[in-house]
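For reference, start-v4.csv is printed below; it contains CSV, C-alpha atoms.
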```csv
chain,number,residue,atom,x,y,z
A,542,MET,CA,19.0,-96.4,-53.7
A,543,THR,CA,22.4,-94.8,-53.3
A,544,ASP,CA,23.0,-91.9,-50.9
A,545,ASP,CA,25.3,-90.2,-53.3
A,546,ALA,CA,24.5,-87.0,-55.0
A,547,TYR,CA,25.3,-86.8,-58.7
A,548,LEU,CA,27.6,-84.4,-60.6
A,549,PHE,CA,26.8,-84.4,-64.3
A,550,LEU,CA,27.5,-82.3,-67.4
A,551,LEU,CA,24.7,-80.7,-69.4
A,552,ASP,CA,25.1,-79.7,-73.1
A,553,ASP,CA,22.6,-76.9,-72.8
A,554,THR,CA,23.4,-74.5,-70.0
A,555,SER,CA,19.9,-72.9,-70.2
A,556,ALA,CA,18.3,-76.1,-68.9
A,557,GLN,CA,16.9,-75.7,-65.4
A,558,LEU,CA,18.1,-79.0,-64.1
A,559,GLY,CA,20.1,-79.3,-60.9
A,560,VAL,CA,22.3,-76.6,-59.6
A,561,THR,CA,25.9,-75.6,-60.2
A,562,PRO,CA,28.1,-76.8,-57.4
A,563,ALA,CA,29.3,-73.2,-56.9
A,564,ALA,CA,25.7,-72.2,-56.0
A,565,VAL,CA,25.7,-74.7,-53.2
A,566,GLY,CA,28.9,-73.3,-51.7
A,567,GLU,CA,32.1,-75.1,-50.7
A,568,LEU,CA,31.8,-78.9,-51.2
A,569,ALA,CA,34.5,-81.2,-49.8
A,570,CYS,CA,34.0,-83.7,-52.7
A,571,MET,CA,35.1,-81.1,-55.2
A,572,GLU,CA,38.6,-81.3,-53.8
A,573,THR,CA,38.9,-85.1,-54.0
A,574,PRO,CA,41.2,-86.8,-56.5
A,575,ALA,CA,38.3,-88.7,-58.0
A,576,VAL,CA,36.3,-85.6,-58.8
A,577,ARG,CA,39.3,-83.7,-60.1
A,578,ALA,CA,40.3,-86.6,-62.3
A,579,TRP,CA,36.7,-86.9,-63.6
A,580,LEU,CA,36.6,-83.2,-64.4
A,581,ASP,CA,40.0,-83.4,-66.2
A,582,ALA,CA,38.8,-86.4,-68.2
A,583,GLN,CA,35.7,-84.4,-69.2
A,584,GLY,CA,37.7,-81.3,-70.1
A,585,SER,CA,35.7,-79.4,-67.5
A,586,THR,CA,36.3,-77.3,-64.3
A,587,PRO,CA,34.4,-76.9,-61.1
A,588,ALA,CA,33.3,-73.4,-62.2
A,589,SER,CA,31.8,-74.6,-65.6
A,590,PRO,CA,28.2,-73.6,-66.2
A,591,HIS,CA,27.7,-77.1,-67.7
A,592,LEU,CA,28.5,-78.8,-64.4
A,593,ARG,CA,25.4,-79.5,-62.3
A,594,LEU,CA,24.6,-81.3,-59.1
A,595,LEU,CA,21.5,-83.2,-58.0
A,596,PRO,CA,20.6,-84.8,-54.7
A,597,PRO,CA,20.3,-88.6,-54.5
A,598,GLU,CA,16.5,-88.6,-54.7
A,599,GLU,CA,16.6,-86.7,-58.0
A,600,ARG,CA,19.2,-89.0,-59.8
A,601,ALA,CA,16.5,-90.2,-62.3
A,602,ALA,CA,16.4,-86.7,-63.6
A,603,VAL,CA,20.0,-86.9,-64.9
A,604,PRO,CA,19.7,-86.9,-68.7
A,605,GLU,CA,20.2,-90.2,-70.5
A,606,GLY,CA,23.8,-90.3,-71.8
A,607,ALA,CA,25.0,-87.4,-69.7
A,608,GLU,CA,28.5,-87.8,-68.2
A,609,ARG,CA,27.8,-88.3,-64.5
A,610,LEU,CA,29.7,-89.1,-61.3
A,611,PRO,CA,28.2,-90.1,-57.9
A,612,VAL,CA,29.7,-88.0,-55.1
A,613,PRO,CA,29.2,-88.2,-51.3
A,614,LEU,CA,28.0,-85.1,-49.5
A,615,SER,CA,27.8,-84.4,-45.8
A,616,GLU,CA,24.4,-83.9,-44.2
A,617,GLU,CA,25.0,-80.2,-44.2
A,618,GLU,CA,26.1,-80.1,-47.8
A,619,LEU,CA,23.1,-82.2,-48.8
A,620,SER,CA,20.8,-79.8,-46.9
A,621,ARG,CA,22.3,-76.8,-48.7
A,622,LEU,CA,21.9,-78.6,-52.1
A,623,ARG,CA,18.2,-79.4,-51.4
A,624,HIS,CA,17.6,-75.9,-50.3
A,625,ARG,CA,19.0,-74.5,-53.5
A,626,MET,CA,16.8,-76.9,-55.5
A,627,THR,CA,13.6,-75.6,-53.7
A,628,PRO,CA,11.4,-73.1,-55.6
A,629,GLU,CA,11.6,-69.6,-54.3
A,630,PRO,CA,8.3,-69.3,-52.4
A,631,LEU,CA,9.1,-72.5,-50.5
A,632,ALA,CA,12.8,-71.5,-50.0
A,633,GLN,CA,11.6,-68.5,-48.0
A,634,VAL,CA,9.5,-70.7,-45.7
A,635,GLU,CA,12.5,-73.0,-45.3
A,636,GLU,CA,14.7,-70.0,-44.4
A,637,GLU,CA,12.2,-69.0,-41.7
A,638,LEU,CA,12.1,-72.6,-40.4
A,639,LEU,CA,15.9,-72.7,-40.3
A,640,ALA,CA,16.0,-69.4,-38.4
A,641,TYR,CA,13.5,-70.7,-35.8
A,642,ARG,CA,15.5,-73.8,-35.4
A,643,ASP,CA,18.7,-71.8,-34.8
A,644,SER,CA,16.9,-69.5,-32.4
A,645,THR,CA,15.9,-72.4,-30.2
A,646,ASP,CA,19.5,-73.1,-29.2
A,647,GLY,CA,19.6,-72.4,-25.5
A,648,ARG,CA,15.9,-71.9,-25.3
A,649,ASP,CA,15.4,-74.0,-22.2
A,650,GLY,CA,18.2,-72.2,-20.4
A,651,LEU,CA,16.8,-68.9,-21.4
A,652,ILE,CA,13.3,-69.9,-20.1
A,653,GLY,CA,14.8,-71.2,-16.9
A,654,ARG,CA,16.7,-67.9,-16.4
A,655,ALA,CA,13.5,-65.9,-17.1
A,656,LEU,CA,11.5,-68.0,-14.6
A,657,ALA,CA,14.3,-67.6,-12.0
A,658,ALA,CA,14.2,-63.8,-12.6
A,659,GLY,CA,10.5,-63.7,-11.9
A,660,VAL,CA,9.0,-63.5,-15.4
A,661,ALA,CA,5.5,-65.0,-15.3
A,662,PRO,CA,5.1,-68.2,-17.4
A,663,HIS,CA,2.2,-66.7,-19.4
A,664,ARG,CA,4.5,-63.7,-20.3
A,665,ILE,CA,7.2,-66.1,-21.5
A,666,VAL,CA,4.7,-67.8,-23.7
A,667,GLU,CA,3.6,-64.4,-25.1
A,668,LEU,CA,7.2,-63.3,-25.7
A,669,THR,CA,8.6,-66.5,-27.2
A,670,GLY,CA,5.6,-68.2,-28.8
A,671,VAL,CA,6.6,-71.5,-27.3
A,672,ASP,CA,4.1,-74.0,-26.1
A,673,PRO,CA,2.9,-73.4,-22.5
A,674,ALA,CA,3.9,-77.0,-21.8
A,675,THR,CA,7.5,-76.2,-22.7
A,676,VAL,CA,7.5,-73.4,-20.1
A,677,THR,CA,5.8,-75.6,-17.5
A,678,ALA,CA,8.4,-78.3,-18.1
A,679,ALA,CA,11.2,-75.8,-17.7
A,680,ALA,CA,9.6,-74.5,-14.5
A,681,ASN,CA,9.5,-78.0,-13.1
A,682,SER,CA,13.1,-78.9,-13.9
```
Could I get this structure in the form of structure tokens?
Amino acid sequence: MTDDAYLFLLDDTSAQLGVTPAAVGELACMETPAVRAWLDAQGSTPASPHLRLLPPEERAAVPEGAERLPVPLSEEELSRLRHRMTPEPLAQVEEELLAYRDSTDGRDGLIGRALAAGVAPHRIVELTGVDPATVTAAANS
């Protein structure tokens, strides 16, 4: 299986297949000569509502006979694409998971500072929601 995402053109813009590249945000591949030449050959533009993008694992969903082009995406671009493909209730949960992941940056340092300042380990657990073992590990390091 290829790791490339797929750009393709849909005849019917009302079809709920893939996402428009613009919905994913800035994509490096859209500025490559290969993509520009492909769009020119198709008589299309990056802003066309007919232009869609699917992640590698969804490539079988590209309609038979549709003009398509495999494009490489960075991990971050692929993550954004997959997030845009997620149904709304799950997208909200993903947003919360991403926010938690982002909030853990510097967590161990913060726990260490709190312990050094005299905050009780059980209070750190209450305030942060981290596992008590995480606080214990930070106290011992």
- prompt: If we count all atoms listed in the file, what is near segment 562-570 of chain A at a cut-off of 10 Å, once residues fewer than 2 positions away on the same chain are taken out, given as a ChimeraX atom specification?
  reply: /A:548,559-560,572-577,587-590,592-595,612-615,617-626
message: For a test of reading the model, state the distance in Å between atom CA of Arg664 of chain A and atom CA of Leu651 of chain A, rounded to one decimal.
response: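 Rounded to one decimal, the two atoms are 13.4 Å apart.
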- prompt: Between atom CA of Arg609 of chain A and atom CA of Leu550 of chain A, what is the spacing in Å?
  reply: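 These two atoms are separated by 6.7 Å.
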query: How many Å separate atom CA of Val676 of chain A from atom CA of Ala655 of chain A?
result: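 Rounded to one decimal, the two atoms are 10.1 Å apart.
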message: Please return as a list in words every residue within 12 Å of (10.1, -66.0, -26.2), taking into account all atoms listed in the file and the file's own coordinates.
response: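 Checked against the point, the hits come out as Tyr641, Ser644, Thr645, Gly647, Arg648, Asp649, Gly650, Leu651, Ile652, Gly653, Arg654, Ala655, Leu656, Val660, Ala661, Pro662, His663, Arg664, Ile665, Val666, Glu667, Leu668, Thr669, Gly670, Val671, Asp672, Pro673, Thr675 and Val676 of chain A.
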